[in-house]
Amino acid sequence: MQQQTELIKKVRASLAEKKGYKRRKVIDFITRNGIKTGGVGVVLAVVLILFYLLSVVMPLFKGAELIPSGDSHTVTVLANGQSQQEKSHVIYFASDEYGEVVTLVEDTGQINFLDEQGVLIHSTQLQIAPGELISSVTPIEGRSGWLALAISSGQVFIVSQKYQLTYPQGKRKTIPSIEYPIGDDGESVEIADSAMKHLSVFISDDTLLVAYENSQGSLKLKSFTLEESLLSETLSIEEGSTYNIPYSLKASGIMLANDGRWLYITSESGQVALYQIVDDKIEVVATGNVSGNAQIISIAPLLGDYSILVGDSSGAISQWFGFRDKEYHKLQLAQVRSFKLSSNAITRIIPEKQRKGFLAFDTENNLGVFYTTSEKTLLIEKLAAQKDEIKIPFSGKLFAALNSSSSRLILYSDTRIQKFHLINEHPEVSMSALWSKVWYESYSEPEYVWQSSASNNDFEAKFSLAPLTYGTLKAAFYALIFAIPLALFGAIYTAYFMSPKLRSVVKPTIEIMEALPTVILGFLAGLWLAPFIEIHLTGVMLFLLLTPLLTLVAGFAYQKLPKSIRQKIPEGWRPVLLIPVIALIAYLTTHLSVPIEDWLFDGNARIWLRDEMGFTFDQRNALVVGIAMGFAVIPTIFSIAEDSLFSVPKHLVAGSLALGANPWQTLVKVVLPTASPGIFSAVMIGMGRAVGETMIVLMATGNTPIMNMNIFEGMRTLAANIAVEMPEAEVASSHYRILYLAALVLFAFTFVANTIAEMIRHRLRKKYSSL
């Protein structure tokens, strides 16, 4: 009976063991595959994020593309029913905002508006005397859609192109017309007593400036006073002064610029001259020559009328503008950059209406699409009826026009019109514009600048990621300078010297700090810490300098206490004695800050730093960020490093002490090398946390994208820039995609840093694994 009972127990135990084994096997299978699935899922998520970022960023670096839009159309019948070829010659060609209506100006003074099929919509005839012809047509700087038409007698007609939008049956229809904004309807303005060449006109609210070359070859500048009528929108005009422009060479072009304050003059021999118009005086400021002694054939203003584009006989187009040097603020002239279309002479330059780009044509009908800021050649195409080239069904003198968005290019020649779609979405982006110094308009030299928007439409976008990357590294650097010593020394003492009971309080307390939202730290840093440091700057700097020194003094004083008193302090609890010491240092430096500042810095340390040391002080600066972000990073570094140090096998420590090494020698020779892989990982993870931090740097800095290591100035980081500008960025715009590029840079930086850190960690682990 007893044997049967034991047998039954054995069977039951065996069944239970098999049952438990099966359960453990199932749990092991689920756990193992769950961990694999999670790991693969994390890798897959990272890869998908990478590919998504790349899919958004890659269109930034595409070139331009020109696609014909439908067939060409013939313009054969004009307002009077006669053939255009029989009647006159076209001397000016332009497009409306949408590229749906084109303007043809003939030398007889007839202004025609045509639709997309070349059908006449509206026509206006200027009131010119029989036998007189229009000698030149010039867009007026300072007024969109205004034209100045000079006739052979020295008169100028000023007209305004108006486009009224209607929507019959839900489809947009443009109704063009011509208005005369100055004087009575159809009246001309007398400028000279004979034919003029190289006309340039600028209009402000109350002034009309006209620069021209008369029939004798002299250059003149004439001013008029404008006054708006109270009963209508027309302007009355009163003649002002006439000035002689001192210029000895044969001019090839004249252009008023910079709101009528500058005058560019180019010569056929290749010289570019800049004149300044100040207090009724015209003075030459500087001159320069295009490279290669080429002849200047054509000029055009870049958007904003600050720069001039110069096309020469060698097929090059160069950008020139005036600037003031930093030291003397003297106005100078520089050829900033140049582009090469071909080896043929440049016949026509067409600037874009909303961006700093332009199109250029040469004598062989080669077309080039360029962008100045990015120094990017986006497209070079030959317009000819040949295989593998864009076909145009005409030859002869070629006219071209762009719509406002630069998405439609319209060509006209020999009474035929052909439209093209110009796909050129992100011309302002190039590797040089993102990472190199760029010479922007009105700047005295090339600089790294981030400025994505402005209040006017002539703005030159500045998309340099260099100051943002620099600011990211600057913020991380100062945060780690503050965090690494405190976190690592604290981890060493907590793991190796502190009593277990005190460690059980200190370690969880610091780890709980990691759960504190960074937005709270940023809020406190921006609204409390930054003003506090501004007021008590001297006290804060004294605290940072005196705390280590006085802590050593306190330790030395403690060693001088009687042994009976020191024995009353339990081993491992001595750091608690430093709390009142540090509190006393903070109290004294804060309350003595103002008297010391009065004594040493004449009452204002910030002005002393600026005047004597050359350091600009901003309230929200890198010092504030370093302290606030340091507190955010300390728990991460401390926790990982402390775990690594505490995990060093006890037999290694005991063996070192048994061989006669003291605790400090054991720490330096045994504990730190063994724990070095974990300590290095802690520092790298802390650096990754600092590089990717957003809210603290967003709230505790001035978010100024500058490049210097001044601890008393702010910065703008990549992460903060994304948080600030992404909500306002237009989807799929260049600005939007560049913000994604900034995210990709952050992604790449953390990936590369973590990869290198992992390689170093493995080497350290392999090196010290034999201990």
# chains A, B, ... in the order shown; residues from 1 in each chain; ligands from 1
$ residues_around --residues "A:Val633" --least-positions-apart "3" --cutoff "6 Å" --atoms "only C-alpha atoms" --output "list in words"
Gly630, Thr636 and Gly686 of chain A
$ write_last_selection --atoms "all heavy atoms" --output "CSV table (one decimal), in the first residue's frame"
chain,number,residue,atom,x,y,z
A,630,GLY,N,21.1,70.9,-18.1
A,630,GLY,CA,22.0,70.0,-17.3
A,630,GLY,C,21.2,69.3,-16.3
A,630,GLY,O,21.4,68.1,-16.1
A,636,THR,N,19.7,61.0,-16.3
A,636,THR,CA,20.0,60.0,-17.3
A,636,THR,C,21.4,59.5,-17.1
A,636,THR,O,21.7,58.2,-17.1
A,636,THR,CB,19.8,60.5,-18.7
A,636,THR,OG1,18.5,60.9,-18.9
A,636,THR,CG2,20.1,59.4,-19.8
A,686,GLY,N,23.3,60.7,-22.6
A,686,GLY,CA,23.1,62.0,-22.1
A,686,GLY,C,23.3,63.1,-23.2
A,686,GLY,O,22.5,64.0,-23.3
$ residues_around --residues "A:Gly311" --least-positions-apart "6" --cutoff "9 Å" --atoms "only C-alpha atoms" --output "number ranges by chain"
A: 295-300, 317-318, 345-349, 360
$ atom_distance --atom1 "atom CA of A:His122" --atom2 "atom CA of A:Gln164"
12.5 Å
$ residues_around --residues "A:Gly688" --least-positions-apart "4" --cutoff "7 Å" --atoms "only C-alpha atoms" --output "JSON, numbers by chain"
{"A": [684, 692, 750]}
$ decode --residues "stretch 644-670 of chain A" --atoms "N, CA, C and O atoms" --output "PDB file, in the first residue's frame"
ATOM      1  N   SER A 644      26.137  50.924 -13.629  1.00  0.00           N
ATOM      2  CA  SER A 644      27.344  50.280 -14.149  1.00  0.00           C
ATOM      3  C   SER A 644      28.413  50.161 -13.074  1.00  0.00           C
ATOM      4  O   SER A 644      29.067  49.110 -12.940  1.00  0.00           O
ATOM      5  N   LEU A 645      28.607  51.204 -12.287  1.00  0.00           N
ATOM      6  CA  LEU A 645      29.618  51.163 -11.219  1.00  0.00           C
ATOM      7  C   LEU A 645      29.226  50.196 -10.110  1.00  0.00           C
ATOM      8  O   LEU A 645      30.061  49.448  -9.588  1.00  0.00           O
ATOM      9  N   PHE A 646      27.962  50.186  -9.774  1.00  0.00           N
ATOM     10  CA  PHE A 646      27.494  49.319  -8.682  1.00  0.00           C
ATOM     11  C   PHE A 646      27.533  47.846  -9.085  1.00  0.00           C
ATOM     12  O   PHE A 646      27.583  46.963  -8.230  1.00  0.00           O
ATOM     13  N   SER A 647      27.491  47.599 -10.413  1.00  0.00           N
ATOM     14  CA  SER A 647      27.474  46.217 -10.905  1.00  0.00           C
ATOM     15  C   SER A 647      28.857  45.615 -11.032  1.00  0.00           C
ATOM     16  O   SER A 647      28.981  44.448 -11.435  1.00  0.00           O
ATOM     17  N   VAL A 648      29.895  46.368 -10.750  1.00  0.00           N
ATOM     18  CA  VAL A 648      31.247  45.812 -10.773  1.00  0.00           C
ATOM     19  C   VAL A 648      31.320  44.685  -9.739  1.00  0.00           C
ATOM     20  O   VAL A 648      30.927  44.875  -8.575  1.00  0.00           O
ATOM     21  N   PRO A 649      31.763  43.508 -10.127  1.00  0.00           N
ATOM     22  CA  PRO A 649      31.790  42.360  -9.189  1.00  0.00           C
ATOM     23  C   PRO A 649      32.529  42.700  -7.888  1.00  0.00           C
ATOM     24  O   PRO A 649      33.607  43.291  -7.900  1.00  0.00           O
ATOM     25  N   LYS A 650      31.917  42.303  -6.792  1.00  0.00           N
ATOM     26  CA  LYS A 650      32.484  42.637  -5.485  1.00  0.00           C
ATOM     27  C   LYS A 650      33.817  41.936  -5.247  1.00  0.00           C
ATOM     28  O   LYS A 650      34.670  42.452  -4.506  1.00  0.00           O
ATOM     29  N   HIS A 651      34.008  40.759  -5.879  1.00  0.00           N
ATOM     30  CA  HIS A 651      35.263  40.053  -5.639  1.00  0.00           C
ATOM     31  C   HIS A 651      36.459  40.807  -6.230  1.00  0.00           C
ATOM     32  O   HIS A 651      37.584  40.694  -5.743  1.00  0.00           O
ATOM     33  N   LEU A 652      36.214  41.617  -7.287  1.00  0.00           N
ATOM     34  CA  LEU A 652      37.304  42.427  -7.824  1.00  0.00           C
ATOM     35  C   LEU A 652      37.717  43.514  -6.827  1.00  0.00           C
ATOM     36  O   LEU A 652      38.913  43.769  -6.625  1.00  0.00           O
ATOM     37  N   VAL A 653      36.710  44.152  -6.235  1.00  0.00           N
ATOM     38  CA  VAL A 653      37.000  45.185  -5.244  1.00  0.00           C
ATOM     39  C   VAL A 653      37.680  44.583  -4.023  1.00  0.00           C
ATOM     40  O   VAL A 653      38.691  45.109  -3.520  1.00  0.00           O
ATOM     41  N   ALA A 654      37.111  43.446  -3.565  1.00  0.00           N
ATOM     42  CA  ALA A 654      37.689  42.805  -2.377  1.00  0.00           C
ATOM     43  C   ALA A 654      39.108  42.341  -2.651  1.00  0.00           C
ATOM     44  O   ALA A 654      40.008  42.457  -1.790  1.00  0.00           O
ATOM     45  N   GLY A 655      39.351  41.797  -3.835  1.00  0.00           N
ATOM     46  CA  GLY A 655      40.700  41.346  -4.160  1.00  0.00           C
ATOM     47  C   GLY A 655      41.686  42.487  -4.213  1.00  0.00           C
ATOM     48  O   GLY A 655      42.830  42.362  -3.750  1.00  0.00           O
ATOM     49  N   SER A 656      41.271  43.623  -4.772  1.00  0.00           N
ATOM     50  CA  SER A 656      42.154  44.778  -4.838  1.00  0.00           C
ATOM     51  C   SER A 656      42.490  45.281  -3.437  1.00  0.00           C
ATOM     52  O   SER A 656      43.656  45.588  -3.141  1.00  0.00           O
ATOM     53  N   LEU A 657      41.477  45.362  -2.576  1.00  0.00           N
ATOM     54  CA  LEU A 657      41.724  45.832  -1.207  1.00  0.00           C
ATOM     55  C   LEU A 657      42.593  44.839  -0.442  1.00  0.00           C
ATOM     56  O   LEU A 657      43.455  45.235   0.356  1.00  0.00           O
ATOM     57  N   ALA A 658      42.392  43.551  -0.711  1.00  0.00           N
ATOM     58  CA  ALA A 658      43.181  42.521  -0.013  1.00  0.00           C
ATOM     59  C   ALA A 658      44.638  42.563  -0.419  1.00  0.00           C
ATOM     60  O   ALA A 658      45.534  42.189   0.373  1.00  0.00           O
ATOM     61  N   LEU A 659      44.911  43.013  -1.622  1.00  0.00           N
ATOM     62  CA  LEU A 659      46.292  43.109  -2.099  1.00  0.00           C
ATOM     63  C   LEU A 659      46.986  44.385  -1.657  1.00  0.00           C
ATOM     64  O   LEU A 659      48.126  44.658  -2.045  1.00  0.00           O
ATOM     65  N   GLY A 660      46.287  45.217  -0.866  1.00  0.00           N
ATOM     66  CA  GLY A 660      46.927  46.384  -0.281  1.00  0.00           C
ATOM     67  C   GLY A 660      46.563  47.713  -0.902  1.00  0.00           C
ATOM     68  O   GLY A 660      47.059  48.756  -0.465  1.00  0.00           O
ATOM     69  N   ALA A 661      45.707  47.696  -1.927  1.00  0.00           N
ATOM     70  CA  ALA A 661      45.301  48.964  -2.538  1.00  0.00           C
ATOM     71  C   ALA A 661      44.312  49.676  -1.634  1.00  0.00           C
ATOM     72  O   ALA A 661      43.482  49.043  -0.978  1.00  0.00           O
ATOM     73  N   ASN A 662      44.408  50.984  -1.574  1.00  0.00           N
ATOM     74  CA  ASN A 662      43.428  51.740  -0.799  1.00  0.00           C
ATOM     75  C   ASN A 662      42.170  51.948  -1.640  1.00  0.00           C
ATOM     76  O   ASN A 662      42.159  51.638  -2.845  1.00  0.00           O
ATOM     77  N   PRO A 663      41.074  52.452  -1.047  1.00  0.00           N
ATOM     78  CA  PRO A 663      39.810  52.581  -1.806  1.00  0.00           C
ATOM     79  C   PRO A 663      39.935  53.435  -3.066  1.00  0.00           C
ATOM     80  O   PRO A 663      39.325  53.111  -4.091  1.00  0.00           O
ATOM     81  N   TRP A 664      40.716  54.509  -3.002  1.00  0.00           N
ATOM     82  CA  TRP A 664      40.849  55.351  -4.185  1.00  0.00           C
ATOM     83  C   TRP A 664      41.629  54.656  -5.293  1.00  0.00           C
ATOM     84  O   TRP A 664      41.292  54.774  -6.482  1.00  0.00           O
ATOM     85  N   GLN A 665      42.671  53.931  -4.914  1.00  0.00           N
ATOM     86  CA  GLN A 665      43.401  53.173  -5.924  1.00  0.00           C
ATOM     87  C   GLN A 665      42.528  52.098  -6.548  1.00  0.00           C
ATOM     88  O   GLN A 665      42.580  51.853  -7.760  1.00  0.00           O
ATOM     89  N   THR A 666      41.731  51.453  -5.728  1.00  0.00           N
ATOM     90  CA  THR A 666      40.805  50.431  -6.236  1.00  0.00           C
ATOM     91  C   THR A 666      39.797  51.056  -7.192  1.00  0.00           C
ATOM     92  O   THR A 666      39.477  50.482  -8.237  1.00  0.00           O
ATOM     93  N   LEU A 667      39.319  52.233  -6.820  1.00  0.00           N
ATOM     94  CA  LEU A 667      38.357  52.918  -7.687  1.00  0.00           C
ATOM     95  C   LEU A 667      38.972  53.230  -9.044  1.00  0.00           C
ATOM     96  O   LEU A 667      38.359  52.960 -10.090  1.00  0.00           O
ATOM     97  N   VAL A 668      40.176  53.803  -9.046  1.00  0.00           N
ATOM     98  CA  VAL A 668      40.797  54.255 -10.286  1.00  0.00           C
ATOM     99  C   VAL A 668      41.290  53.081 -11.127  1.00  0.00           C
ATOM    100  O   VAL A 668      41.133  53.069 -12.352  1.00  0.00           O
ATOM    101  N   LYS A 669      41.882  52.077 -10.499  1.00  0.00           N
ATOM    102  CA  LYS A 669      42.532  50.992 -11.242  1.00  0.00           C
ATOM    103  C   LYS A 669      41.607  49.816 -11.558  1.00  0.00           C
ATOM    104  O   LYS A 669      41.869  49.065 -12.504  1.00  0.00           O
ATOM    105  N   VAL A 670      40.549  49.655 -10.786  1.00  0.00           N
ATOM    106  CA  VAL A 670      39.703  48.467 -10.963  1.00  0.00           C
ATOM    107  C   VAL A 670      38.266  48.836 -11.320  1.00  0.00           C
ATOM    108  O   VAL A 670      37.735  48.393 -12.351  1.00  0.00           O
TER     109      VAL A 670
END
